[in-house]
Amino acid sequence: MAKDAATEQTVGFDAGKLIKGRKRLVQTNTLGNVLIRLVLPANAVDGAATIAF
């Protein structure tokens with residue numbers, strides 16, 4: 001299976017949670033409609049990712 005550059009950049013390993021993959025952040029309004037979505041590597045720092053979001 002071939003890997004492309006976009007996939008390589010969004011995959012990481014979170015050593016604290018022992019999870020490999022991606023963090024998906026989604027912000028919705030009160031009706032459940034998606035306002036913003038963001039995909040980060042799993043090794044992104046939680047605090048910095050939340051501030052950037």
# chains A, B, ... in the order shown; residues from 1 in each chain; ligands from 1
>>> residues_around(residues="Pro41 of chain A", least_positions_apart="4", cutoff="8 Å", atoms="only C-alpha atoms", output="number ranges by chain")
A: 9-13, 21-23
>>> write_last_selection(atoms="N, CA, C and O atoms", output="mmCIF file, in the first residue's frame")
data_model
loop_
_atom_site.group_PDB
_atom_site.id
_atom_site.type_symbol
_atom_site.label_atom_id
_atom_site.label_comp_id
_atom_site.auth_asym_id
_atom_site.auth_seq_id
_atom_site.Cartn_x
_atom_site.Cartn_y
_atom_site.Cartn_z
ATOM 1 N N GLN A 9 2.466 13.206 7.272
ATOM 2 C CA GLN A 9 2.557 14.364 8.141
ATOM 3 C C GLN A 9 1.536 14.333 9.266
ATOM 4 O O GLN A 9 1.738 14.946 10.294
ATOM 5 N N THR A 10 0.420 13.646 9.104
ATOM 6 C CA THR A 10 -0.630 13.679 10.102
ATOM 7 C C THR A 10 -0.626 12.478 11.036
ATOM 8 O O THR A 10 -1.525 12.347 11.851
ATOM 9 N N VAL A 11 0.362 11.611 10.938
ATOM 10 C CA VAL A 11 0.432 10.438 11.807
ATOM 11 C C VAL A 11 1.562 10.624 12.798
ATOM 12 O O VAL A 11 2.648 11.047 12.440
ATOM 13 N N GLY A 12 1.289 10.326 14.050
ATOM 14 C CA GLY A 12 2.307 10.451 15.079
ATOM 15 C C GLY A 12 2.046 9.455 16.194
ATOM 16 O O GLY A 12 1.114 8.654 16.137
ATOM 17 N N PHE A 13 2.870 9.507 17.240
ATOM 18 C CA PHE A 13 2.716 8.608 18.377
ATOM 19 C C PHE A 13 2.668 9.427 19.648
ATOM 20 O O PHE A 13 3.580 10.203 19.938
ATOM 21 N N GLY A 21 -1.393 7.511 15.654
ATOM 22 C CA GLY A 21 -2.402 7.939 14.694
ATOM 23 C C GLY A 21 -2.594 9.436 14.673
ATOM 24 O O GLY A 21 -1.634 10.191 14.663
ATOM 25 N N ARG A 22 -3.864 9.865 14.716
ATOM 26 C CA ARG A 22 -4.211 11.263 14.564
ATOM 27 C C ARG A 22 -5.132 11.724 15.682
ATOM 28 O O ARG A 22 -5.906 10.942 16.223
ATOM 29 N N LYS A 23 -5.054 13.030 16.007
ATOM 30 C CA LYS A 23 -6.024 13.652 16.903
ATOM 31 C C LYS A 23 -6.981 14.428 16.026
ATOM 32 O O LYS A 23 -6.573 15.179 15.154
#
>>> atom_distance(atom1="atom CA of Asp46 of chain A", atom2="atom CA of Arg24 of chain A")
11.4 Å
>>> closest_residue(among="A:Leu40, A:Thr50, A:Val45, A:Thr30", to="Lys17 of chain A", atoms="only C-alpha atoms")
A:Val45
>>> atom_distance(atom1="atom CA of Ala44 of chain A", atom2="atom CA of Ala15 of chain A")
10.6 Å
>>> atom_distance(atom1="atom CA of Ala48 of chain A", atom2="atom CA of Lys20 of chain A")
18.5 Å
>>> decode(residues="segment 21-50 of chain A", atoms="N, CA and C atoms", output="PDB file, in the first residue's frame")
ATOM      1  N   GLY A  21      -1.393   7.511  15.654  1.00  0.00           N
ATOM      2  CA  GLY A  21      -2.402   7.939  14.694  1.00  0.00           C
ATOM      3  C   GLY A  21      -2.594   9.436  14.673  1.00  0.00           C
ATOM      4  N   ARG A  22      -3.864   9.865  14.716  1.00  0.00           N
ATOM      5  CA  ARG A  22      -4.211  11.263  14.564  1.00  0.00           C
ATOM      6  C   ARG A  22      -5.132  11.724  15.682  1.00  0.00           C
ATOM      7  N   LYS A  23      -5.054  13.030  16.007  1.00  0.00           N
ATOM      8  CA  LYS A  23      -6.024  13.652  16.903  1.00  0.00           C
ATOM      9  C   LYS A  23      -6.981  14.428  16.026  1.00  0.00           C
ATOM     10  N   ARG A  24      -8.249  14.227  16.236  1.00  0.00           N
ATOM     11  CA  ARG A  24      -9.258  14.944  15.468  1.00  0.00           C
ATOM     12  C   ARG A  24     -10.008  15.868  16.407  1.00  0.00           C
ATOM     13  N   LEU A  25      -9.944  17.157  16.129  1.00  0.00           N
ATOM     14  CA  LEU A  25     -10.620  18.160  16.941  1.00  0.00           C
ATOM     15  C   LEU A  25     -11.787  18.715  16.129  1.00  0.00           C
ATOM     16  N   VAL A  26     -12.959  18.768  16.740  1.00  0.00           N
ATOM     17  CA  VAL A  26     -14.150  19.257  16.056  1.00  0.00           C
ATOM     18  C   VAL A  26     -14.863  20.232  16.973  1.00  0.00           C
ATOM     19  N   GLN A  27     -15.259  21.383  16.419  1.00  0.00           N
ATOM     20  CA  GLN A  27     -16.041  22.351  17.163  1.00  0.00           C
ATOM     21  C   GLN A  27     -17.409  22.433  16.508  1.00  0.00           C
ATOM     22  N   THR A  28     -18.459  22.309  17.324  1.00  0.00           N
ATOM     23  CA  THR A  28     -19.826  22.352  16.805  1.00  0.00           C
ATOM     24  C   THR A  28     -20.612  23.446  17.509  1.00  0.00           C
ATOM     25  N   ASN A  29     -21.731  23.839  16.911  1.00  0.00           N
ATOM     26  CA  ASN A  29     -22.624  24.775  17.581  1.00  0.00           C
ATOM     27  C   ASN A  29     -23.639  23.980  18.396  1.00  0.00           C
ATOM     28  N   THR A  30     -24.606  24.655  18.997  1.00  0.00           N
ATOM     29  CA  THR A  30     -25.552  23.972  19.886  1.00  0.00           C
ATOM     30  C   THR A  30     -26.471  23.012  19.147  1.00  0.00           C
ATOM     31  N   LEU A  31     -26.612  23.173  17.831  1.00  0.00           N
ATOM     32  CA  LEU A  31     -27.444  22.259  17.051  1.00  0.00           C
ATOM     33  C   LEU A  31     -26.670  21.052  16.535  1.00  0.00           C
ATOM     34  N   GLY A  32     -25.364  21.039  16.751  1.00  0.00           N
ATOM     35  CA  GLY A  32     -24.538  19.924  16.312  1.00  0.00           C
ATOM     36  C   GLY A  32     -23.913  20.106  14.942  1.00  0.00           C
ATOM     37  N   ASN A  33     -24.079  21.270  14.354  1.00  0.00           N
ATOM     38  CA  ASN A  33     -23.460  21.540  13.056  1.00  0.00           C
ATOM     39  C   ASN A  33     -21.973  21.799  13.231  1.00  0.00           C
ATOM     40  N   VAL A  34     -21.164  21.225  12.370  1.00  0.00           N
ATOM     41  CA  VAL A  34     -19.711  21.373  12.469  1.00  0.00           C
ATOM     42  C   VAL A  34     -19.307  22.777  12.031  1.00  0.00           C
ATOM     43  N   LEU A  35     -18.571  23.475  12.894  1.00  0.00           N
ATOM     44  CA  LEU A  35     -18.064  24.804  12.581  1.00  0.00           C
ATOM     45  C   LEU A  35     -16.621  24.739  12.099  1.00  0.00           C
ATOM     46  N   ILE A  36     -15.788  24.010  12.839  1.00  0.00           N
ATOM     47  CA  ILE A  36     -14.361  23.900  12.529  1.00  0.00           C
ATOM     48  C   ILE A  36     -13.933  22.464  12.785  1.00  0.00           C
ATOM     49  N   ARG A  37     -13.055  21.942  11.927  1.00  0.00           N
ATOM     50  CA  ARG A  37     -12.458  20.631  12.166  1.00  0.00           C
ATOM     51  C   ARG A  37     -10.966  20.736  11.896  1.00  0.00           C
ATOM     52  N   LEU A  38     -10.194  19.983  12.639  1.00  0.00           N
ATOM     53  CA  LEU A  38      -8.745  20.044  12.542  1.00  0.00           C
ATOM     54  C   LEU A  38      -8.193  18.653  12.827  1.00  0.00           C
ATOM     55  N   VAL A  39      -7.256  18.206  11.993  1.00  0.00           N
ATOM     56  CA  VAL A  39      -6.604  16.912  12.186  1.00  0.00           C
ATOM     57  C   VAL A  39      -5.129  17.176  12.444  1.00  0.00           C
ATOM     58  N   LEU A  40      -4.635  16.650  13.559  1.00  0.00           N
ATOM     59  CA  LEU A  40      -3.242  16.822  13.962  1.00  0.00           C
ATOM     60  C   LEU A  40      -2.610  15.462  14.202  1.00  0.00           C
ATOM     61  N   PRO A  41      -1.275  15.390  14.137  1.00  0.00           N
ATOM     62  CA  PRO A  41      -0.620  14.129  14.509  1.00  0.00           C
ATOM     63  C   PRO A  41      -0.839  13.846  15.986  1.00  0.00           C
ATOM     64  N   ALA A  42      -0.822  12.598  16.366  1.00  0.00           N
ATOM     65  CA  ALA A  42      -1.063  12.215  17.754  1.00  0.00           C
ATOM     66  C   ALA A  42       0.013  12.750  18.685  1.00  0.00           C
ATOM     67  N   ASN A  43       1.198  13.032  18.169  1.00  0.00           N
ATOM     68  CA  ASN A  43       2.261  13.523  19.040  1.00  0.00           C
ATOM     69  C   ASN A  43       2.206  15.032  19.249  1.00  0.00           C
ATOM     70  N   ALA A  44       1.184  15.721  18.750  1.00  0.00           N
ATOM     71  CA  ALA A  44       1.009  17.152  19.020  1.00  0.00           C
ATOM     72  C   ALA A  44       0.672  17.325  20.492  1.00  0.00           C
ATOM     73  N   VAL A  45       1.238  18.341  21.130  1.00  0.00           N
ATOM     74  CA  VAL A  45       0.993  18.604  22.537  1.00  0.00           C
ATOM     75  C   VAL A  45      -0.449  19.071  22.715  1.00  0.00           C
ATOM     76  N   ASP A  46      -1.164  18.500  23.687  1.00  0.00           N
ATOM     77  CA  ASP A  46      -2.581  18.802  23.871  1.00  0.00           C
ATOM     78  C   ASP A  46      -2.836  20.285  24.116  1.00  0.00           C
ATOM     79  N   GLY A  47      -2.068  20.903  24.984  1.00  0.00           N
ATOM     80  CA  GLY A  47      -2.279  22.316  25.300  1.00  0.00           C
ATOM     81  C   GLY A  47      -2.063  23.213  24.104  1.00  0.00           C
ATOM     82  N   ALA A  48      -0.972  23.001  23.382  1.00  0.00           N
ATOM     83  CA  ALA A  48      -0.674  23.805  22.201  1.00  0.00           C
ATOM     84  C   ALA A  48      -1.694  23.564  21.087  1.00  0.00           C
ATOM     85  N   ALA A  49      -2.173  22.333  20.966  1.00  0.00           N
ATOM     86  CA  ALA A  49      -3.177  22.015  19.937  1.00  0.00           C
ATOM     87  C   ALA A  49      -4.490  22.710  20.246  1.00  0.00           C
ATOM     88  N   THR A  50      -4.862  22.786  21.513  1.00  0.00           N
ATOM     89  CA  THR A  50      -6.106  23.437  21.893  1.00  0.00           C
ATOM     90  C   THR A  50      -6.018  24.943  21.651  1.00  0.00           C
TER      91      THR A  50
END
